[in-house]
file query-v5.pdb (PDB, C-alpha atoms)
ATOM      1  CA  MET A 173     -22.898 -84.893 -72.648
ATOM      2  CA  LYS A 174     -24.127 -82.344 -75.152
ATOM      3  CA  ALA A 175     -21.914 -79.289 -75.243
ATOM      4  CA  ASN A 176     -24.668 -76.908 -76.312
ATOM      5  CA  ARG A 177     -26.875 -77.392 -73.269
ATOM      6  CA  GLN A 178     -27.279 -74.316 -71.111
ATOM      7  CA  ARG A 179     -27.598 -75.193 -67.475
ATOM      8  CA  PRO A 180     -30.206 -73.329 -65.409
ATOM      9  CA  ARG A 181     -29.183 -71.296 -62.408
ATOM     10  CA  GLY A 182     -31.582 -71.691 -59.518
ATOM     11  CA  TRP A 183     -35.069 -70.601 -60.598
ATOM     12  CA  SER A 184     -33.646 -67.735 -62.705
ATOM     13  CA  ASN A 185     -34.909 -69.010 -66.038
ATOM     14  CA  LEU A 186     -37.810 -71.019 -64.641
ATOM     15  CA  VAL A 187     -39.797 -68.532 -62.570
ATOM     16  CA  VAL A 188     -41.977 -65.630 -63.686
ATOM     17  CA  PRO A 189     -43.784 -63.053 -61.492
ATOM     18  CA  PHE A 190     -46.949 -64.499 -59.999
ATOM     19  CA  CYS A 191     -50.228 -63.004 -61.189
ATOM     20  CA  ALA A 192     -52.205 -61.217 -58.455
ATOM     21  CA  MET A 193     -55.569 -62.655 -59.505
ATOM     22  CA  LEU A 194     -54.293 -66.262 -59.417
ATOM     23  CA  GLY A 195     -52.554 -65.609 -56.089
ATOM     24  CA  ALA A 196     -55.768 -64.349 -54.508
ATOM     25  CA  THR A 197     -57.668 -67.406 -55.726
ATOM     26  CA  LEU A 198     -55.051 -69.822 -54.369
ATOM     27  CA  PHE A 199     -54.780 -68.132 -50.992
ATOM     28  CA  ALA A 200     -58.534 -68.339 -50.549
ATOM     29  CA  ALA A 201     -58.429 -72.126 -50.848
ATOM     30  CA  ASP A 202     -55.573 -72.818 -48.387
ATOM     31  CA  ALA A 203     -58.034 -74.347 -45.953
ATOM     32  CA  TRP A 204     -58.369 -77.385 -48.263
ATOM     33  CA  ALA A 205     -54.627 -78.043 -48.512
ATOM     34  CA  ARG A 206     -53.279 -81.556 -47.954
ATOM     35  CA  GLU A 207     -50.778 -81.454 -45.113
ATOM     36  CA  VAL A 208     -47.497 -83.312 -45.660
ATOM     37  CA  ASN A 209     -45.061 -84.038 -42.825
ATOM     38  CA  TYR A 210     -41.555 -83.806 -44.278
ATOM     39  CA  ASN A 211     -38.972 -86.035 -42.550
ATOM     40  CA  GLY A 212     -36.129 -85.768 -45.059
ATOM     41  CA  SER A 213     -37.429 -88.319 -47.582
ATOM     42  CA  GLU A 214     -38.713 -87.415 -51.039
ATOM     43  CA  VAL A 215     -42.391 -86.427 -50.948
ATOM     44  CA  PRO A 216     -44.747 -87.276 -53.860
ATOM     45  CA  VAL A 217     -46.981 -84.505 -55.194
ATOM     46  CA  TYR A 218     -49.627 -85.439 -57.774
ATOM     47  CA  VAL A 219     -50.363 -83.044 -60.630
ATOM     48  CA  THR A 220     -52.530 -82.948 -63.746
ATOM     49  CA  PRO A 221     -51.045 -81.460 -66.933
ATOM     50  CA  GLY A 222     -52.356 -77.963 -67.547
ATOM     51  CA  GLU A 223     -53.761 -77.611 -64.015
ATOM     52  CA  PRO A 224     -51.973 -75.653 -61.228
ATOM     53  CA  THR A 225     -50.872 -77.203 -57.947
ATOM     54  CA  GLN A 226     -49.815 -74.929 -55.083
ATOM     55  CA  ILE A 227     -47.153 -76.104 -52.611
ATOM     56  CA  THR A 228     -46.670 -74.025 -49.466
ATOM     57  CA  PHE A 229     -43.466 -74.176 -47.375
ATOM     58  CA  PRO A 230     -42.675 -73.034 -43.802
ATOM     59  CA  GLU A 231     -40.532 -70.073 -44.923
ATOM     60  CA  LYS A 232     -39.826 -67.939 -47.991
ATOM     61  CA  ILE A 233     -38.486 -69.820 -51.016
ATOM     62  CA  GLU A 234     -34.971 -68.805 -52.030
ATOM     63  CA  GLY A 235     -34.440 -71.038 -55.070
ATOM     64  CA  GLY A 236     -34.047 -74.630 -56.161
ATOM     65  CA  PHE A 237     -33.252 -77.058 -58.940
ATOM     66  CA  LYS A 238     -35.119 -79.162 -61.490
ATOM     67  CA  ARG A 239     -34.146 -81.199 -64.551
ATOM     68  CA  LYS A 240     -32.496 -79.365 -67.438
ATOM     69  CA  HIS A 241     -35.146 -80.570 -69.890
ATOM     70  CA  SER A 242     -38.179 -80.491 -67.646
ATOM     71  CA  ALA A 243     -41.897 -81.013 -68.176
ATOM     72  CA  LEU A 244     -42.589 -78.635 -65.280
ATOM     73  CA  ALA A 245     -43.203 -74.894 -65.290
ATOM     74  CA  LEU A 246     -42.773 -73.176 -61.916
ATOM     75  CA  GLU A 247     -44.036 -69.941 -60.418
ATOM     76  CA  ARG A 248     -43.264 -68.742 -56.921
ATOM     77  CA  GLN A 249     -44.251 -65.995 -54.554
ATOM     78  CA  GLY A 250     -43.057 -65.743 -50.990
ATOM     79  CA  ASN A 251     -43.360 -69.136 -49.323
ATOM     80  CA  PHE A 252     -45.422 -70.939 -51.949
ATOM     81  CA  LEU A 253     -44.671 -72.503 -55.296
ATOM     82  CA  VAL A 254     -47.136 -73.222 -58.108
ATOM     83  CA  VAL A 255     -46.397 -76.162 -60.403
ATOM     84  CA  PHE A 256     -47.768 -76.557 -63.930
ATOM     85  CA  ALA A 257     -47.045 -79.920 -65.553
ATOM     86  CA  GLN A 258     -46.790 -80.479 -69.295
ATOM     87  CA  PRO A 259     -48.419 -83.516 -70.974
ATOM     88  CA  GLU A 260     -44.990 -85.146 -71.485
ATOM     89  CA  ILE A 261     -44.271 -85.517 -67.759
ATOM     90  CA  PRO A 262     -42.925 -89.105 -67.337
ATOM     91  CA  TYR A 263     -44.989 -91.647 -65.451
ATOM     92  CA  GLU A 264     -42.243 -91.971 -62.808
ATOM     93  CA  GLY A 265     -42.395 -88.218 -62.235
ATOM     94  CA  GLU A 266     -39.690 -85.578 -61.905
ATOM     95  CA  ALA A 267     -37.528 -84.710 -58.926
ATOM     96  CA  LEU A 268     -37.589 -81.158 -57.606
ATOM     97  CA  LEU A 269     -35.377 -79.550 -54.952
ATOM     98  CA  VAL A 270     -36.609 -76.449 -53.134
ATOM     99  CA  HIS A 271     -34.322 -74.266 -51.004
ATOM    100  CA  LEU A 272     -35.707 -71.862 -48.399
ATOM    101  CA  GLY A 273     -34.207 -68.601 -47.229
ATOM    102  CA  ASP A 274     -33.272 -70.170 -43.870
ATOM    103  CA  LYS A 275     -31.099 -72.789 -45.697
ATOM    104  CA  ARG A 276     -33.531 -75.679 -45.354
ATOM    105  CA  SER A 277     -34.054 -77.898 -48.409
ATOM    106  CA  PHE A 278     -36.964 -80.093 -49.461
ATOM    107  CA  ALA A 279     -36.984 -82.942 -51.984
ATOM    108  CA  LEU A 280     -40.225 -83.475 -53.916
ATOM    109  CA  ARG A 281     -41.218 -85.824 -56.713
ATOM    110  CA  ILE A 282     -43.862 -84.365 -59.002
ATOM    111  CA  MET A 283     -45.966 -87.272 -60.250
ATOM    112  CA  PRO A 284     -48.800 -87.439 -62.816
ATOM    113  CA  SER A 285     -52.143 -88.003 -61.098
ATOM    114  CA  ASP A 286     -54.273 -91.095 -61.747
ATOM    115  CA  ASP A 287     -57.391 -92.811 -60.419
ATOM    116  CA  ASP A 288     -55.609 -93.962 -57.260
ATOM    117  CA  ASN A 289     -53.785 -90.670 -56.692
ATOM    118  CA  PRO A 290     -55.966 -87.689 -57.656
ATOM    119  CA  ARG A 291     -54.469 -84.286 -58.335
ATOM    120  CA  ASP A 292     -53.211 -82.295 -55.355
ATOM    121  CA  GLU A 293     -54.670 -78.823 -55.655
ATOM    122  CA  PHE A 294     -52.951 -77.526 -52.512
ATOM    123  CA  ILE A 295     -50.086 -78.971 -50.474
ATOM    124  CA  ASP A 296     -48.973 -77.602 -47.103
ATOM    125  CA  VAL A 297     -45.483 -78.896 -46.238
ATOM    126  CA  LYS A 298     -44.727 -79.227 -42.517
ATOM    127  CA  ASP A 299     -41.047 -79.644 -41.617
ATOM    128  CA  MET A 300     -40.636 -82.339 -38.968
ATOM    129  CA  ARG A 301     -36.809 -82.091 -38.958
ATOM    130  CA  GLU A 302     -36.389 -79.044 -36.727
ATOM    131  CA  GLY A 303     -33.911 -80.893 -34.505
ATOM    132  CA  GLU A 304     -31.497 -81.365 -37.424
ATOM    133  CA  TYR A 305     -31.167 -77.615 -37.879
ATOM    134  CA  SER A 306     -30.599 -76.634 -34.255
ATOM    135  CA  GLU A 307     -27.199 -75.237 -33.250
ATOM    136  CA  GLU A 308     -26.653 -78.193 -30.920
ATOM    137  CA  ALA A 309     -27.208 -80.737 -33.701
ATOM    138  CA  GLN A 310     -24.738 -79.058 -36.037
ATOM    139  CA  GLU A 311     -22.078 -78.662 -33.334
ATOM    140  CA  THR A 312     -22.163 -82.331 -32.354
ATOM    141  CA  ASP A 313     -22.060 -83.798 -35.871
ATOM    142  CA  PRO A 314     -18.604 -83.277 -37.459
ATOM    143  CA  TYR A 315     -19.860 -84.427 -40.868
ATOM    144  CA  LEU A 316     -22.451 -81.671 -41.285
ATOM    145  CA  GLN A 317     -21.708 -78.408 -43.061
ATOM    146  CA  PRO A 318     -23.404 -75.164 -41.946
ATOM    147  CA  ASN A 319     -26.245 -75.885 -44.407
ATOM    148  CA  GLY A 320     -26.972 -79.237 -42.745
ATOM    149  CA  PHE A 321     -25.597 -81.455 -45.539
ATOM    150  CA  ALA A 322     -22.600 -83.777 -45.465
ATOM    151  CA  PRO A 323     -19.491 -82.349 -47.210
ATOM    152  CA  PRO A 324     -18.280 -83.873 -50.507
ATOM    153  CA  THR A 325     -15.320 -85.450 -48.698
ATOM    154  CA  VAL A 326     -17.666 -88.213 -47.454
ATOM    155  CA  VAL A 327     -19.639 -90.682 -49.584
ATOM    156  CA  SER A 328     -23.131 -89.216 -49.081
ATOM    157  CA  GLY A 329     -21.874 -85.690 -49.689
ATOM    158  CA  LEU A 330     -20.160 -86.585 -52.975
ATOM    159  CA  MET A 331     -23.250 -88.520 -54.112
ATOM    160  CA  ARG A 332     -25.473 -85.515 -53.425
ATOM    161  CA  GLU A 333     -23.150 -83.111 -55.245
ATOM    162  CA  MET A 334     -22.968 -85.360 -58.320
ATOM    163  CA  MET A 335     -26.775 -85.494 -58.483
ATOM    164  CA  LEU A 336     -27.046 -81.721 -58.204
ATOM    165  CA  VAL A 337     -24.566 -81.277 -61.055
ATOM    166  CA  ALA A 338     -25.930 -84.004 -63.350
ATOM    167  CA  GLU A 339     -29.695 -83.822 -62.787
ATOM    168  CA  PHE A 340     -30.327 -80.287 -61.639
ATOM    169  CA  GLY A 341     -27.728 -78.319 -63.565
ATOM    170  CA  LYS A 342     -25.778 -76.964 -60.602
ATOM    171  CA  ARG A 343     -22.998 -74.726 -61.893
ATOM    172  CA  GLY A 344     -19.356 -74.931 -60.948
ATOM    173  CA  SER A 345     -17.229 -77.822 -59.777
ATOM    174  CA  ILE A 346     -17.375 -79.991 -56.664
ATOM    175  CA  PRO A 347     -14.870 -78.658 -54.111
ATOM    176  CA  GLY A 348     -11.855 -80.936 -53.841
ATOM    177  CA  TYR A 349     -12.579 -82.857 -57.068
ATOM    178  CA  ARG A 350     -11.276 -82.673 -60.619
ATOM    179  CA  ARG A 351     -14.045 -83.067 -63.182
ATOM    180  CA  SER A 352     -13.097 -85.156 -66.205
ATOM    181  CA  ASN A 353     -14.951 -85.640 -69.498
ATOM    182  CA  ARG A 354     -12.110 -87.581 -71.080
ATOM    183  CA  TYR A 355     -14.125 -90.815 -71.267
ATOM    184  CA  THR A 356     -17.547 -89.264 -71.974
ATOM    185  CA  GLY A 357     -19.606 -91.543 -74.241
ATOM    186  CA  GLU A 358     -17.476 -94.622 -73.613
ATOM    187  CA  THR A 359     -19.565 -97.776 -73.130
ATOM    188  CA  VAL A 360     -18.799 -99.618 -69.894
ATOM    189  CA  LEU A 361     -21.706-102.101 -69.916
ATOM    190  CA  HIS A 362     -23.691-103.624 -72.787
ATOM    191  CA  ASP A 363     -25.244-106.991 -71.991
ATOM    192  CA  GLY A 364     -28.192-106.939 -74.399
ATOM    193  CA  THR A 365     -30.614-105.719 -71.744
ATOM    194  CA  ILE A 366     -29.111-102.344 -70.841
ATOM    195  CA  GLU A 367     -26.319-100.125 -72.077
ATOM    196  CA  ALA A 368     -24.316 -97.850 -69.771
ATOM    197  CA  LYS A 369     -22.028 -95.065 -70.926
ATOM    198  CA  ILE A 370     -19.801 -92.719 -68.956
ATOM    199  CA  GLU A 371     -21.090 -89.155 -68.682
ATOM    200  CA  GLU A 372     -18.339 -87.788 -66.438
ATOM    201  CA  ILE A 373     -15.960 -88.640 -63.608
ATOM    202  CA  PHE A 374     -15.111 -86.686 -60.455
ATOM    203  CA  MET A 375     -11.659 -87.469 -59.041
ATOM    204  CA  GLY A 376     -10.704 -86.568 -55.487
ATOM    205  CA  THR A 377      -7.962 -87.467 -53.043
ATOM    206  CA  ASP A 378      -9.901 -90.200 -51.230
ATOM    207  CA  LEU A 379     -12.998 -90.762 -53.371
ATOM    208  CA  TRP A 380     -13.911 -90.942 -57.051
ATOM    209  CA  GLY A 381     -17.407 -90.449 -58.415
ATOM    210  CA  TYR A 382     -18.778 -91.805 -61.697
ATOM    211  CA  VAL A 383     -21.907 -90.588 -63.499
ATOM    212  CA  LEU A 384     -23.271 -93.112 -66.021
ATOM    213  CA  ASP A 385     -26.059 -92.814 -68.592
ATOM    214  CA  VAL A 386     -28.054 -96.067 -68.586
ATOM    215  CA  GLU A 387     -30.586 -97.053 -71.268
ATOM    216  CA  ASN A 388     -33.050 -99.946 -71.393
ATOM    217  CA  LEU A 389     -32.688-101.996 -74.606
ATOM    218  CA  LEU A 390     -35.688-104.240 -73.944
ATOM    219  CA  ASP A 391     -39.341-103.928 -74.925
ATOM    220  CA  THR A 392     -40.305-104.573 -71.301
ATOM    221  CA  THR A 393     -39.753-102.710 -68.047
ATOM    222  CA  TYR A 394     -36.295-103.248 -66.575
ATOM    223  CA  LYS A 395     -35.306-102.962 -62.906
ATOM    224  CA  ILE A 396     -31.718-101.827 -62.436
ATOM    225  CA  ASN A 397     -29.546-104.182 -60.363
ATOM    226  CA  PRO A 398     -27.032-102.154 -58.298
ATOM    227  CA  ALA A 399     -24.672-105.147 -58.201
ATOM    228  CA  ALA A 400     -24.104-104.792 -61.954
ATOM    229  CA  PHE A 401     -22.337-101.483 -61.314
ATOM    230  CA  ARG A 402     -20.010-102.459 -58.498
ATOM    231  CA  LEU A 403     -16.376-101.659 -59.185
ATOM    232  CA  ASP A 404     -13.280-102.372 -57.107
ATOM    233  CA  GLY A 405     -13.516-100.268 -53.972
ATOM    234  CA  THR A 406     -17.179 -99.311 -54.504
ATOM    235  CA  ARG A 407     -18.640 -97.465 -51.526
ATOM    236  CA  ALA A 408     -22.142 -96.657 -52.828
ATOM    237  CA  VAL A 409     -24.393 -96.942 -55.884
ATOM    238  CA  ALA A 410     -27.431 -94.721 -56.515
ATOM    239  CA  ALA A 411     -29.779 -94.182 -59.451
ATOM    240  CA  GLU A 412     -32.006 -91.437 -60.781
ATOM    241  CA  ASN A 413     -34.657 -94.141 -61.238
ATOM    242  CA  TRP A 414     -34.248 -97.815 -60.375
ATOM    243  CA  GLN A 415     -36.942 -98.930 -62.833
ATOM    244  CA  LEU A 416     -36.661 -98.135 -66.534
ATOM    245  CA  ALA A 417     -39.587 -97.980 -68.947
ATOM    246  CA  PRO A 418     -39.543-100.203 -72.042
ATOM    247  CA  ARG A 419     -37.682 -99.082 -75.156
ATOM    248  CA  PRO A 420     -39.724 -96.188 -76.642
ATOM    249  CA  GLU A 421     -42.020 -96.842 -79.589
ATOM    250  CA  THR A 422     -43.308 -93.297 -80.101
ATOM    251  CA  ALA A 423     -41.760 -89.840 -80.265
ATOM    252  CA  GLU A 424     -43.581 -88.887 -77.044
ATOM    253  CA  GLN A 425     -42.038 -91.827 -75.173
ATOM    254  CA  GLN A 426     -38.616 -90.934 -76.577
ATOM    255  CA  ILE A 427     -38.946 -87.347 -75.322
ATOM    256  CA  ALA A 428     -40.221 -88.470 -71.907
ATOM    257  CA  GLY A 429     -37.033 -90.494 -71.479
ATOM    258  CA  GLY A 430     -38.478 -93.026 -69.056
ATOM    259  CA  HIS A 431     -36.261 -95.734 -70.593
ATOM    260  CA  LYS A 432     -33.134 -93.882 -69.437
ATOM    261  CA  ALA A 433     -31.640 -92.959 -66.079
ATOM    262  CA  ARG A 434     -28.378 -91.883 -64.533
ATOM    263  CA  VAL A 435     -26.481 -94.204 -62.216
ATOM    264  CA  TYR A 436     -24.004 -92.788 -59.698
ATOM    265  CA  ILE A 437     -21.079 -94.740 -58.287
ATOM    266  CA  VAL A 438     -18.722 -93.647 -55.492
ATOM    267  CA  THR A 439     -15.482 -95.626 -55.082
ATOM    268  CA  ARG A 440     -12.224 -95.308 -53.227
ATOM    269  CA  ALA A 441      -9.791 -93.193 -55.202
ATOM    270  CA  LEU A 442      -7.698 -95.086 -57.710
ATOM    271  CA  ARG A 443      -3.977 -94.918 -56.957
ATOM    272  CA  ARG A 444      -1.642 -94.542 -59.891
TER     273      ARG A 444
END
call {"tool": "encode", "arguments": {"input": "query-v5.pdb", "output": "structure tokens"}}
result
Amino acid sequence: MKANRQRPRGWSNLVVPFCAMLGATLFAADAWAREVNYNGSEVPVYVTPGEPTQITFPEKIEGGFKRKHSALALERQGNFLVVFAQPEIPYEGEALLVHLGDKRSFALRIMPSDDDNPRDEFIDVKDMREGEYSEEAQETDPYLQPNGFAPPTVVSGLMREMMLVAEFGKRGSIPGYRRSNRYTGETVLHDGTIEAKIEEIFMGTDLWGYVLDVENLLDTTYKINPAAFRLDGTRAVAAENWQLAPRPETAEQQIAGGHKARVYIVTRALRR
């Protein structure tokens, strides 16, 4: 990890007041919005660099997270968000988390448009998960926190928290875990095709979480094999991207970073 990076806090350093003239223009075109039914899975939104895309949500936007070094500029007002993509947006897109004032969260993947997927000018997100946020649903599921997410004491909860910290710059520690950078930069896998180095480790009573930086060493696309990252007691393996772009040949490809990804591993806690 680079010590000089400053992590963003919510939208605080990403969002600027929305211009009234642009807002009036966007509102007038809501009738042509593409409706998206959100069921909890990441939703693709297609953008063109330099062109705005408006995404409307069911309630007022409270905040959210994006990559620390992002190719996206965001503007929000009330319940809609406007996305401006930069030319260096990677071909696999960028993940974006949006939090509403009523505690609901939405996962989006902002993708560059192409011939098969033209630019989305307007997106209207419809939440199809209402049952998950009812009082009855939260009372009957002991693994859900008040915000509807699993706590970090279970595998899915720890995996989510590690992603928020590593990819979206969430501040603070994960409750119940000691964060260690003792082995940061240490190579744990180098087989000539990929190289994996430790970014950080989260150590809890029952579970440990590992964040690895993985880089493609080949001149061709590489698909990550989860089995290559199984340790003793592994409970789950996840990746920022499962497919890595070829080793970069230009400065633009190097900046885009498509040849790199983070891999997350959750294991049973090591006993010493």
call {"tool": "resolve_selection", "arguments": {"input": "query-v5.pdb", "expression": "the PyMOL selection byres ((chain A and resi 360) around 9)", "output": "NGL selection string"}}
result
:A and (358-359 or 361-362 or 367-370 or 384)
call {"tool": "resolve_selection", "arguments": {"input": "query-v5.pdb", "expression": "the PyMOL selection byres ((chain A and resi 338) around 12)", "output": "JSON, numbers by chain"}}
result
{"A": [173, 177, 179, 180, 237, 238, 239, 240, 241, 331, 332, 333, 334, 335, 336, 337, 339, 340, 341, 342, 343, 344, 345, 346, 351, 371, 372, 373, 374, 381, 382, 383, 384, 385, 411, 412, 433, 434, 435, 436]}
call {"tool": "atom_distance", "arguments": {"input": "query-v5.pdb", "atom1": "CA of Pro324 in chain A", "atom2": "CA of Ile233 in chain A"}}
result
24.6 Å
call {"tool": "resolve_selection", "arguments": {"input": "query-v5.pdb", "expression": "the PyMOL selection byres ((chain A and resi 416-423) around 6)", "output": "PyMOL selection string"}}
result
chain A and resi 389-394+415+424-426+430-431
call {"tool": "axis_aligned_box", "arguments": {"input": "query-v5.pdb", "around": "range 432-443 of chain A", "padding_each_side": "6 Å", "output": "lines of an AutoDock Vina configuration file"}}
result
center_x = -18.6
center_y = -93.8
center_z = -61.3
size_x = 41.2
size_y = 15.7
size_z = 28.2
call {"tool": "closest_residue", "arguments": {"input": "query-v5.pdb", "among": "A:Thr220, A:Thr325, A:Asn413, A:Asn209", "to": "Met283 in chain A", "atoms": "only C-alpha atoms"}}
result
A:Thr220
call {"tool": "atom_distance", "arguments": {"input": "query-v5.pdb", "atom1": "CA of Arg301 in chain A", "atom2": "CA of Val255 in chain A"}}
result
24.2 Å
call {"tool": "closest_residue", "arguments": {"input": "query-v5.pdb", "among": "A:Gly405, A:Pro284, A:Gly364, A:Gly235", "to": "Asn388 in chain A", "atoms": "all atoms listed in the file"}}
result
A:Gly364
call {"tool": "closest_residue", "arguments": {"input": "query-v5.pdb", "among": "A:Arg206, A:His271, A:Lys298, A:Arg440", "to": "Thr377 in chain A", "atoms": "all atoms listed in the file"}}
result
A:Arg440
call {"tool": "closest_residue", "arguments": {"input": "query-v5.pdb", "among": "A:Val219, A:Ile227, A:Ile295, A:Leu269", "to": "Asn251 in chain A", "atoms": "only C-alpha atoms"}}
result
A:Ile227
